[in-house]
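Asker: Attaching a single structure in structure tokens format; questions to follow.
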Amino acid sequence: MRKLIEKEIVLATHNKGKVAEMQTILAPFNIKVRSADELNLSEPEENGKTFIENAKIKALCAAKEANMPALADDSGLCVHALNNRPGIYSARYNEPKKNGFPYAMECLNKELGDSQDRSAHFACALVIAWPDGHTEEFEGQVQGTLCFPPQGDKGFGYDPMFVPNGYKETFAQLSSEIKNSVSHRANALKMFIKACLG
Ligand code: ITT
């Protein structure tokens, strides 16, 4: 396991919600965290078959372009009654970037129909890559239940539909402190912090 000795990294993501959460969780550590938008980094094609493969593509591309360690997050919502779809295709499921997440969530709810099983999990693969091509991988999950109609306006993406186990409100209603302590991203970041910053 390679430790991060550099004092500056780039987050290889163009998703502002992810950037905000990752910057908050990494704030107590003494590292300067830059964003991909800030450094004008390109968006490589995500043609992997797993969260880890896609995170690796993004991290390696950003590390080479920025010439500094890059931390990428590939994540998604896995709905159990739909065989874990949309999964790695969550950002492409009914084109939420074009049609909005309310529409994607409505489609998801329609697909579920009258299924009694509303369980789901968010998955997050984190890969840190160095400019020399070395990578380290971490995976986190959070289990929960999907509700409809969506509730709350915090967070991003599918948060208004997702009630994490042990809570009665969605990630979009709960405080960012709670989401950032129990989420898939928080769980993966805790592993990264322990392994690479500890
Ligand atoms: P980058 O590739 O630039 O990181 P992206 O948004 O395309 O940005 P992904 O390919 O990893 O990122 O897709 C993740 C999808 O899963 C996207 O639609 C998110 O909205 C959703 N998602 C991931 N984490 C989430 C979270 O914490 N809350 C709600 N939705 C989430």
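Just so we're on the same page: first chain in the structure tokens is A, next is B, and so on; residues restart at 1 for each chain, and ligands are numbered from 1 in the order they show up.
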Mind checking which residues fall within 9 Å of A:Gly76, counting only C-alpha atoms, ignoring those fewer than 3 positions away in the same chain, and posting them as a PyMOL selection string?
Answerer: chain A and resi 51+85-91+121-124+158
Asker: Restricted to N, CA and C atoms, what would the selected residues look like written as a short mmCIF file (atom, residue, chain, number, x, y, z; two decimals), in the first residue's frame?
Answerer:
```cif
data_model
loop_
_atom_site.label_atom_id
_atom_site.label_comp_id
_atom_site.auth_asym_id
_atom_site.auth_seq_id
_atom_site.Cartn_x
_atom_site.Cartn_y
_atom_site.Cartn_z
N PHE A 51 -17.43 -0.48 -11.16
CA PHE A 51 -17.15 0.83 -10.55
C PHE A 51 -15.64 1.04 -10.46
N ARG A 85 -29.39 -2.72 -11.02
CA ARG A 85 -29.38 -1.58 -11.95
C ARG A 85 -29.90 -0.35 -11.20
N PRO A 86 -29.62 0.89 -11.65
CA PRO A 86 -28.78 1.23 -12.79
C PRO A 86 -27.27 1.07 -12.53
N GLY A 87 -26.83 0.93 -11.27
CA GLY A 87 -25.44 0.61 -10.99
C GLY A 87 -24.45 1.55 -11.66
N ILE A 88 -23.52 0.96 -12.43
CA ILE A 88 -22.50 1.83 -13.06
C ILE A 88 -23.11 2.76 -14.11
N TYR A 89 -24.36 2.50 -14.48
CA TYR A 89 -25.01 3.36 -15.48
C TYR A 89 -25.90 4.44 -14.84
N SER A 90 -25.76 4.67 -13.54
CA SER A 90 -26.64 5.62 -12.84
C SER A 90 -26.62 7.03 -13.44
N ALA A 91 -25.44 7.47 -13.90
CA ALA A 91 -25.36 8.83 -14.46
C ALA A 91 -25.95 8.88 -15.86
N HIS A 121 -28.77 -0.16 -2.54
CA HIS A 121 -27.57 0.41 -1.90
C HIS A 121 -26.87 1.34 -2.87
N PHE A 122 -26.17 2.30 -2.28
CA PHE A 122 -25.25 3.13 -3.05
C PHE A 122 -23.88 2.48 -2.94
N ALA A 123 -23.16 2.44 -4.05
CA ALA A 123 -21.80 1.91 -4.04
C ALA A 123 -20.84 3.01 -4.51
N CYS A 124 -19.66 3.01 -3.92
CA CYS A 124 -18.65 4.00 -4.31
C CYS A 124 -17.30 3.31 -4.42
N TYR A 158 -29.60 10.97 -6.75
CA TYR A 158 -30.73 10.15 -6.28
C TYR A 158 -30.99 10.30 -4.77
#
```
Asker: Could you name the residues that touch A:Ala104 at 8 Å or less, counting only C-alpha atoms, but leaving out those on the same chain fewer than 4 positions away, as a list in words?
Answerer: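 Result of the neighbour search: Tyr93, Asn94, Glu95, Pro96, Asn99, Gly100 and Leu108 of chain A.
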Asker: Go ahead and save the picked residues with C-alpha atoms, as a PDB file, in the first residue's frame.
Answerer:
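Writing done, so here's result.pdb:
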```pdb
ATOM      1  CA  TYR A  93     -30.100   6.181 -16.646  1.00  0.00           C
ATOM      2  CA  ASN A  94     -32.658   8.221 -18.647  1.00  0.00           C
ATOM      3  CA  GLU A  95     -30.007  10.885 -19.138  1.00  0.00           C
ATOM      4  CA  PRO A  96     -30.403  12.750 -15.843  1.00  0.00           C
ATOM      5  CA  ASN A  99     -33.677  15.471 -18.327  1.00  0.00           C
ATOM      6  CA  GLY A 100     -33.040  16.090 -14.622  1.00  0.00           C
ATOM      7  CA  LEU A 108     -36.943   4.213 -11.493  1.00  0.00           C
TER       8      LEU A 108
END
```
Asker: List all protein, DNA and RNA residues that have an atom no more than 6 Å from any atom of ligand 1, counting only C-alpha atoms and all ligand atoms, and report them as a list in words.
Answerer: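 The residues near ligand 1 are Thr13, His14, Asn15, Asp73, Asp74, Ser75, Gly76, Leu77, Ser90, Ala91, Phe156, Gly157, Tyr158 and Asp159 of chain A.
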Asker: Could the residues in this selection be written to a file with N, CA, C and O atoms, as an mmCIF file, in the first residue's frame?
Answerer:
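again_24.cif was written with the following content:
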```
data_model
loop_
_atom_site.group_PDB
_atom_site.id
_atom_site.type_symbol
_atom_site.label_atom_id
_atom_site.label_comp_id
_atom_site.auth_asym_id
_atom_site.auth_seq_id
_atom_site.Cartn_x
_atom_site.Cartn_y
_atom_site.Cartn_z
ATOM 1 N N THR A 13 -13.124 14.364 -10.658
ATOM 2 C CA THR A 13 -14.565 14.324 -10.896
ATOM 3 C C THR A 13 -15.066 15.702 -11.294
ATOM 4 O O THR A 13 -14.547 16.718 -10.820
ATOM 5 N N HIS A 14 -16.079 15.707 -12.169
ATOM 6 C CA HIS A 14 -16.702 16.968 -12.567
ATOM 7 C C HIS A 14 -18.061 17.129 -11.891
ATOM 8 O O HIS A 14 -18.833 18.012 -12.249
ATOM 9 N N ASN A 15 -18.364 16.236 -10.957
ATOM 10 C CA ASN A 15 -19.648 16.297 -10.239
ATOM 11 C C ASN A 15 -19.469 17.166 -8.979
ATOM 12 O O ASN A 15 -18.737 16.803 -8.057
ATOM 13 N N ASP A 73 -13.789 9.011 -8.017
ATOM 14 C CA ASP A 73 -14.938 8.338 -7.396
ATOM 15 C C ASP A 73 -15.848 7.873 -8.508
ATOM 16 O O ASP A 73 -16.280 8.682 -9.327
ATOM 17 N N ASP A 74 -16.100 6.576 -8.596
ATOM 18 C CA ASP A 74 -17.157 6.114 -9.488
ATOM 19 C C ASP A 74 -18.212 5.483 -8.603
ATOM 20 O O ASP A 74 -17.913 4.629 -7.763
ATOM 21 N N SER A 75 -19.441 5.933 -8.768
ATOM 22 C CA SER A 75 -20.459 5.510 -7.818
ATOM 23 C C SER A 75 -21.794 5.330 -8.506
ATOM 24 O O SER A 75 -21.955 5.682 -9.673
ATOM 25 N N GLY A 76 -22.767 4.814 -7.777
ATOM 26 C CA GLY A 76 -24.086 4.650 -8.359
ATOM 27 C C GLY A 76 -25.052 3.981 -7.404
ATOM 28 O O GLY A 76 -24.676 3.521 -6.323
ATOM 29 N N LEU A 77 -26.299 3.962 -7.866
ATOM 30 C CA LEU A 77 -27.381 3.395 -7.078
ATOM 31 C C LEU A 77 -27.702 1.997 -7.611
ATOM 32 O O LEU A 77 -27.980 1.838 -8.808
ATOM 33 N N SER A 90 -25.758 4.675 -13.537
ATOM 34 C CA SER A 90 -26.644 5.623 -12.837
ATOM 35 C C SER A 90 -26.622 7.026 -13.442
ATOM 36 O O SER A 90 -27.651 7.699 -13.490
ATOM 37 N N ALA A 91 -25.444 7.467 -13.896
ATOM 38 C CA ALA A 91 -25.363 8.827 -14.457
ATOM 39 C C ALA A 91 -25.953 8.878 -15.864
ATOM 40 O O ALA A 91 -26.161 9.955 -16.415
ATOM 41 N N PHE A 156 -27.463 15.533 -3.703
ATOM 42 C CA PHE A 156 -27.514 15.585 -5.164
ATOM 43 C C PHE A 156 -28.011 14.229 -5.689
ATOM 44 O O PHE A 156 -28.216 13.274 -4.921
ATOM 45 N N GLY A 157 -28.170 14.175 -7.014
ATOM 46 C CA GLY A 157 -28.498 12.901 -7.667
ATOM 47 C C GLY A 157 -29.744 12.234 -7.088
ATOM 48 O O GLY A 157 -30.812 12.849 -6.962
ATOM 49 N N TYR A 158 -29.596 10.967 -6.745
ATOM 50 C CA TYR A 158 -30.725 10.148 -6.277
ATOM 51 C C TYR A 158 -30.994 10.299 -4.773
ATOM 52 O O TYR A 158 -31.809 9.554 -4.225
ATOM 53 N N ASP A 159 -30.317 11.238 -4.104
ATOM 54 C CA ASP A 159 -30.478 11.396 -2.651
ATOM 55 C C ASP A 159 -31.940 11.531 -2.190
ATOM 56 O O ASP A 159 -32.291 10.980 -1.142
#
```
Asker: Could you name the residues that touch stretch 35-45 of chain A at 10 Å or less, counting only C-alpha atoms, but leaving out those on the same chain fewer than 5 positions away, as a list in words?
Answerer: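 The contact residues come out as Ile9, Val10, Leu11, Ala12, Thr13, His14, Asn15, Lys16, Val19, Ala20, Gln23, Asn54, Ile57, Lys58, Ala59, Leu60, Cys61, Ala62, Ala63, Glu65, Ala66, Ala70, Leu71 and Ala72 of chain A.
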Asker: Which one of A:Lys98, A:Arg92, A:Lys56, A:His80 sits closest to A:Leu126 if you count only C-alpha atoms?
Answerer: A:Lys56
Asker: Looking only at strand (DSSP E or B) from DSSP on the backbone, list the matching residues of stretch 30-183 of chain A as a PDB file with N, CA and C atoms, in the first residue's frame.
Answerer:
```
ATOM      1  N   LYS A  32      -3.869  19.881   0.174  1.00  0.00           N
ATOM      2  CA  LYS A  32      -4.583  20.830  -0.683  1.00  0.00           C
ATOM      3  C   LYS A  32      -5.358  19.995  -1.706  1.00  0.00           C
ATOM      4  N   VAL A  33      -6.673  20.182  -1.720  1.00  0.00           N
ATOM      5  CA  VAL A  33      -7.521  19.363  -2.596  1.00  0.00           C
ATOM      6  C   VAL A  33      -8.049  20.226  -3.736  1.00  0.00           C
ATOM      7  N   ARG A  34      -7.557  19.967  -4.964  1.00  0.00           N
ATOM      8  CA  ARG A  34      -7.985  20.747  -6.126  1.00  0.00           C
ATOM      9  C   ARG A  34      -9.112  19.984  -6.835  1.00  0.00           C
ATOM     10  N   SER A  35      -9.899  20.699  -7.645  1.00  0.00           N
ATOM     11  CA  SER A  35     -10.955  19.982  -8.380  1.00  0.00           C
ATOM     12  C   SER A  35     -10.583  19.906  -9.859  1.00  0.00           C
ATOM     13  N   ALA A  70      -4.209  11.758  -8.187  1.00  0.00           N
ATOM     14  CA  ALA A  70      -5.617  12.067  -8.468  1.00  0.00           C
ATOM     15  C   ALA A  70      -6.507  11.027  -7.804  1.00  0.00           C
ATOM     16  N   LEU A  71      -7.560  11.507  -7.176  1.00  0.00           N
ATOM     17  CA  LEU A  71      -8.509  10.631  -6.492  1.00  0.00           C
ATOM     18  C   LEU A  71      -9.824  10.669  -7.265  1.00  0.00           C
ATOM     19  N   ALA A  72     -10.253   9.500  -7.795  1.00  0.00           N
ATOM     20  CA  ALA A  72     -11.497   9.438  -8.564  1.00  0.00           C
ATOM     21  C   ALA A  72     -12.542   8.635  -7.802  1.00  0.00           C
ATOM     22  N   ASP A  73     -13.789   9.011  -8.017  1.00  0.00           N
ATOM     23  CA  ASP A  73     -14.938   8.338  -7.396  1.00  0.00           C
ATOM     24  C   ASP A  73     -15.848   7.873  -8.508  1.00  0.00           C
ATOM     25  N   ASP A  74     -16.100   6.576  -8.596  1.00  0.00           N
ATOM     26  CA  ASP A  74     -17.157   6.114  -9.488  1.00  0.00           C
ATOM     27  C   ASP A  74     -18.212   5.483  -8.603  1.00  0.00           C
ATOM     28  N   SER A  75     -19.441   5.933  -8.768  1.00  0.00           N
ATOM     29  CA  SER A  75     -20.459   5.510  -7.818  1.00  0.00           C
ATOM     30  C   SER A  75     -21.794   5.330  -8.506  1.00  0.00           C
ATOM     31  N   GLY A  76     -22.767   4.814  -7.777  1.00  0.00           N
ATOM     32  CA  GLY A  76     -24.086   4.650  -8.359  1.00  0.00           C
ATOM     33  C   GLY A  76     -25.052   3.981  -7.404  1.00  0.00           C
ATOM     34  N   LEU A  77     -26.299   3.962  -7.866  1.00  0.00           N
ATOM     35  CA  LEU A  77     -27.381   3.395  -7.078  1.00  0.00           C
ATOM     36  C   LEU A  77     -27.702   1.997  -7.611  1.00  0.00           C
ATOM     37  N   CYS A  78     -27.661   0.995  -6.730  1.00  0.00           N
ATOM     38  CA  CYS A  78     -27.921  -0.396  -7.118  1.00  0.00           C
ATOM     39  C   CYS A  78     -29.247  -0.821  -6.493  1.00  0.00           C
ATOM     40  N   VAL A  79     -30.256  -1.028  -7.338  1.00  0.00           N
ATOM     41  CA  VAL A  79     -31.594  -1.352  -6.839  1.00  0.00           C
ATOM     42  C   VAL A  79     -31.759  -2.874  -6.891  1.00  0.00           C
ATOM     43  N   ARG A  85     -29.388  -2.722 -11.021  1.00  0.00           N
ATOM     44  CA  ARG A  85     -29.384  -1.584 -11.946  1.00  0.00           C
ATOM     45  C   ARG A  85     -29.900  -0.348 -11.195  1.00  0.00           C
ATOM     46  N   PRO A  86     -29.617   0.891 -11.651  1.00  0.00           N
ATOM     47  CA  PRO A  86     -28.777   1.231 -12.795  1.00  0.00           C
ATOM     48  C   PRO A  86     -27.269   1.071 -12.528  1.00  0.00           C
ATOM     49  N   SER A 119     -35.519  -2.295  -1.445  1.00  0.00           N
ATOM     50  CA  SER A 119     -34.167  -2.148  -0.905  1.00  0.00           C
ATOM     51  C   SER A 119     -33.170  -1.804  -2.021  1.00  0.00           C
ATOM     52  N   ALA A 120     -32.128  -1.074  -1.630  1.00  0.00           N
ATOM     53  CA  ALA A 120     -31.119  -0.625  -2.589  1.00  0.00           C
ATOM     54  C   ALA A 120     -29.854  -0.293  -1.823  1.00  0.00           C
ATOM     55  N   HIS A 121     -28.767  -0.162  -2.544  1.00  0.00           N
ATOM     56  CA  HIS A 121     -27.575   0.406  -1.899  1.00  0.00           C
ATOM     57  C   HIS A 121     -26.867   1.338  -2.866  1.00  0.00           C
ATOM     58  N   PHE A 122     -26.171   2.304  -2.276  1.00  0.00           N
ATOM     59  CA  PHE A 122     -25.252   3.129  -3.051  1.00  0.00           C
ATOM     60  C   PHE A 122     -23.884   2.481  -2.939  1.00  0.00           C
ATOM     61  N   ALA A 123     -23.162   2.443  -4.054  1.00  0.00           N
ATOM     62  CA  ALA A 123     -21.798   1.915  -4.040  1.00  0.00           C
ATOM     63  C   ALA A 123     -20.845   3.009  -4.505  1.00  0.00           C
ATOM     64  N   CYS A 124     -19.658   3.010  -3.918  1.00  0.00           N
ATOM     65  CA  CYS A 124     -18.647   3.995  -4.305  1.00  0.00           C
ATOM     66  C   CYS A 124     -17.297   3.310  -4.417  1.00  0.00           C
ATOM     67  N   ALA A 125     -16.679   3.414  -5.595  1.00  0.00           N
ATOM     68  CA  ALA A 125     -15.305   2.935  -5.759  1.00  0.00           C
ATOM     69  C   ALA A 125     -14.407   4.158  -5.821  1.00  0.00           C
ATOM     70  N   LEU A 126     -13.386   4.158  -5.002  1.00  0.00           N
ATOM     71  CA  LEU A 126     -12.408   5.246  -5.006  1.00  0.00           C
ATOM     72  C   LEU A 126     -11.093   4.680  -5.493  1.00  0.00           C
ATOM     73  N   VAL A 127     -10.475   5.372  -6.427  1.00  0.00           N
ATOM     74  CA  VAL A 127      -9.129   4.965  -6.861  1.00  0.00           C
ATOM     75  C   VAL A 127      -8.229   6.185  -6.791  1.00  0.00           C
ATOM     76  N   ILE A 128      -7.080   6.007  -6.124  1.00  0.00           N
ATOM     77  CA  ILE A 128      -6.068   7.064  -6.182  1.00  0.00           C
ATOM     78  C   ILE A 128      -4.981   6.590  -7.125  1.00  0.00           C
ATOM     79  N   ALA A 129      -4.628   7.482  -8.056  1.00  0.00           N
ATOM     80  CA  ALA A 129      -3.575   7.153  -9.030  1.00  0.00           C
ATOM     81  C   ALA A 129      -2.479   8.198  -8.946  1.00  0.00           C
ATOM     82  N   THR A 135      -1.677   2.642  -8.633  1.00  0.00           N
ATOM     83  CA  THR A 135      -3.032   2.926  -8.135  1.00  0.00           C
ATOM     84  C   THR A 135      -3.311   2.143  -6.851  1.00  0.00           C
ATOM     85  N   GLU A 136      -4.196   2.674  -6.042  1.00  0.00           N
ATOM     86  CA  GLU A 136      -4.746   1.972  -4.881  1.00  0.00           C
ATOM     87  C   GLU A 136      -6.261   2.105  -4.943  1.00  0.00           C
ATOM     88  N   GLU A 137      -6.984   1.021  -4.516  1.00  0.00           N
ATOM     89  CA  GLU A 137      -8.449   0.980  -4.692  1.00  0.00           C
ATOM     90  C   GLU A 137      -9.186   0.771  -3.373  1.00  0.00           C
ATOM     91  N   PHE A 138     -10.345   1.388  -3.251  1.00  0.00           N
ATOM     92  CA  PHE A 138     -11.173   1.253  -2.039  1.00  0.00           C
ATOM     93  C   PHE A 138     -12.641   1.222  -2.451  1.00  0.00           C
ATOM     94  N   GLU A 139     -13.464   0.450  -1.718  1.00  0.00           N
ATOM     95  CA  GLU A 139     -14.896   0.412  -2.048  1.00  0.00           C
ATOM     96  C   GLU A 139     -15.753   0.563  -0.802  1.00  0.00           C
ATOM     97  N   GLY A 140     -16.790   1.380  -0.906  1.00  0.00           N
ATOM     98  CA  GLY A 140     -17.718   1.575   0.212  1.00  0.00           C
ATOM     99  C   GLY A 140     -19.151   1.422  -0.257  1.00  0.00           C
ATOM    100  N   GLN A 141     -20.016   1.085   0.685  1.00  0.00           N
ATOM    101  CA  GLN A 141     -21.445   0.958   0.363  1.00  0.00           C
ATOM    102  C   GLN A 141     -22.269   1.559   1.503  1.00  0.00           C
ATOM    103  N   VAL A 142     -23.529   1.876   1.188  1.00  0.00           N
ATOM    104  CA  VAL A 142     -24.507   2.155   2.252  1.00  0.00           C
ATOM    105  C   VAL A 142     -25.828   1.520   1.814  1.00  0.00           C
ATOM    106  N   GLN A 143     -26.434   0.790   2.728  1.00  0.00           N
ATOM    107  CA  GLN A 143     -27.696   0.102   2.430  1.00  0.00           C
ATOM    108  C   GLN A 143     -28.876   0.991   2.804  1.00  0.00           C
ATOM    109  N   GLY A 144     -29.985   0.832   2.078  1.00  0.00           N
ATOM    110  CA  GLY A 144     -31.160   1.640   2.400  1.00  0.00           C
ATOM    111  C   GLY A 144     -32.402   1.168   1.667  1.00  0.00           C
ATOM    112  N   THR A 145     -33.407   2.062   1.665  1.00  0.00           N
ATOM    113  CA  THR A 145     -34.699   1.761   1.041  1.00  0.00           C
ATOM    114  C   THR A 145     -35.091   2.947   0.171  1.00  0.00           C
ATOM    115  N   LEU A 146     -35.745   2.653  -0.954  1.00  0.00           N
ATOM    116  CA  LEU A 146     -36.169   3.745  -1.840  1.00  0.00           C
ATOM    117  C   LEU A 146     -37.578   4.201  -1.504  1.00  0.00           C
ATOM    118  N   PHE A 162     -33.520   8.112  -1.395  1.00  0.00           N
ATOM    119  CA  PHE A 162     -32.778   7.083  -0.663  1.00  0.00           C
ATOM    120  C   PHE A 162     -32.800   7.323   0.850  1.00  0.00           C
ATOM    121  N   VAL A 163     -33.423   6.388   1.562  1.00  0.00           N
ATOM    122  CA  VAL A 163     -33.466   6.441   3.036  1.00  0.00           C
ATOM    123  C   VAL A 163     -32.449   5.422   3.565  1.00  0.00           C
ATOM    124  N   PRO A 164     -31.329   5.904   4.144  1.00  0.00           N
ATOM    125  CA  PRO A 164     -30.328   4.942   4.625  1.00  0.00           C
ATOM    126  C   PRO A 164     -30.867   4.137   5.803  1.00  0.00           C
TER     127      PRO A 164
END
```
Asker: Based on DSSP run over this structure's backbone, return all residues of stretch 98-139 of chain A in helix (DSSP H, G or I), as a ChimeraX atom specification.
Answerer: /A:98-99,101-112
Asker: Report as JSON lines: every residue of stretch 4-39 of chain A with an atom at most 10 Å from stretch 178-192 of chain A, its closest pair of atoms, and their distance in Å to one decimal, counting only C-alpha atoms, with rows sorted by chain and ascending residue number.
Answerer:
```
{"residue": "A:Leu4", "atom": "CA", "partner": "A:Phe192", "partner_atom": "CA", "distance": 9.8}
{"residue": "A:Lys18", "atom": "CA", "partner": "A:Arg185", "partner_atom": "CA", "distance": 8.5}
{"residue": "A:Glu21", "atom": "CA", "partner": "A:Asn180", "partner_atom": "CA", "distance": 6.7}
{"residue": "A:Met22", "atom": "CA", "partner": "A:Arg185", "partner_atom": "CA", "distance": 7.8}
{"residue": "A:Thr24", "atom": "CA", "partner": "A:Asn180", "partner_atom": "CA", "distance": 8.1}
{"residue": "A:Ile25", "atom": "CA", "partner": "A:Asn180", "partner_atom": "CA", "distance": 6.9}
{"residue": "A:Leu26", "atom": "CA", "partner": "A:Leu189", "partner_atom": "CA", "distance": 8.2}
```
Asker: Between A:Cys196, A:Leu174, A:Met105, A:Leu82, which residue has the minimum interatomic distance to A:Cys147, considering only C-alpha atoms?
Answerer: A:Met105
Asker: Between atom CA of A:Ile31 and atom CA of A:Lys7, what is the distance in Å, rounded to a tenth?
Answerer: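 Spanning atom CA of A:Ile31 to atom CA of A:Lys7 is a straight-line distance of 4.8 Å.
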Asker: Counting only C-alpha atoms, which of A:Gly198, A:Gly152, A:Pro131, A:Pro28 gets nearest to A:Ala172?
Answerer: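 Between A:Gly198, A:Gly152, A:Pro131, A:Pro28, the residue approaching A:Ala172 most closely is A:Gly152.
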Asker: Can you work out which one of A:Asp117, A:Glu111, A:Glu177, A:Glu169 has the shortest atom-to-atom distance to A:Asp153, counting only C-alpha atoms?
Answerer: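 Counting only C-alpha atoms, the residue closest to A:Asp153 is A:Glu169.
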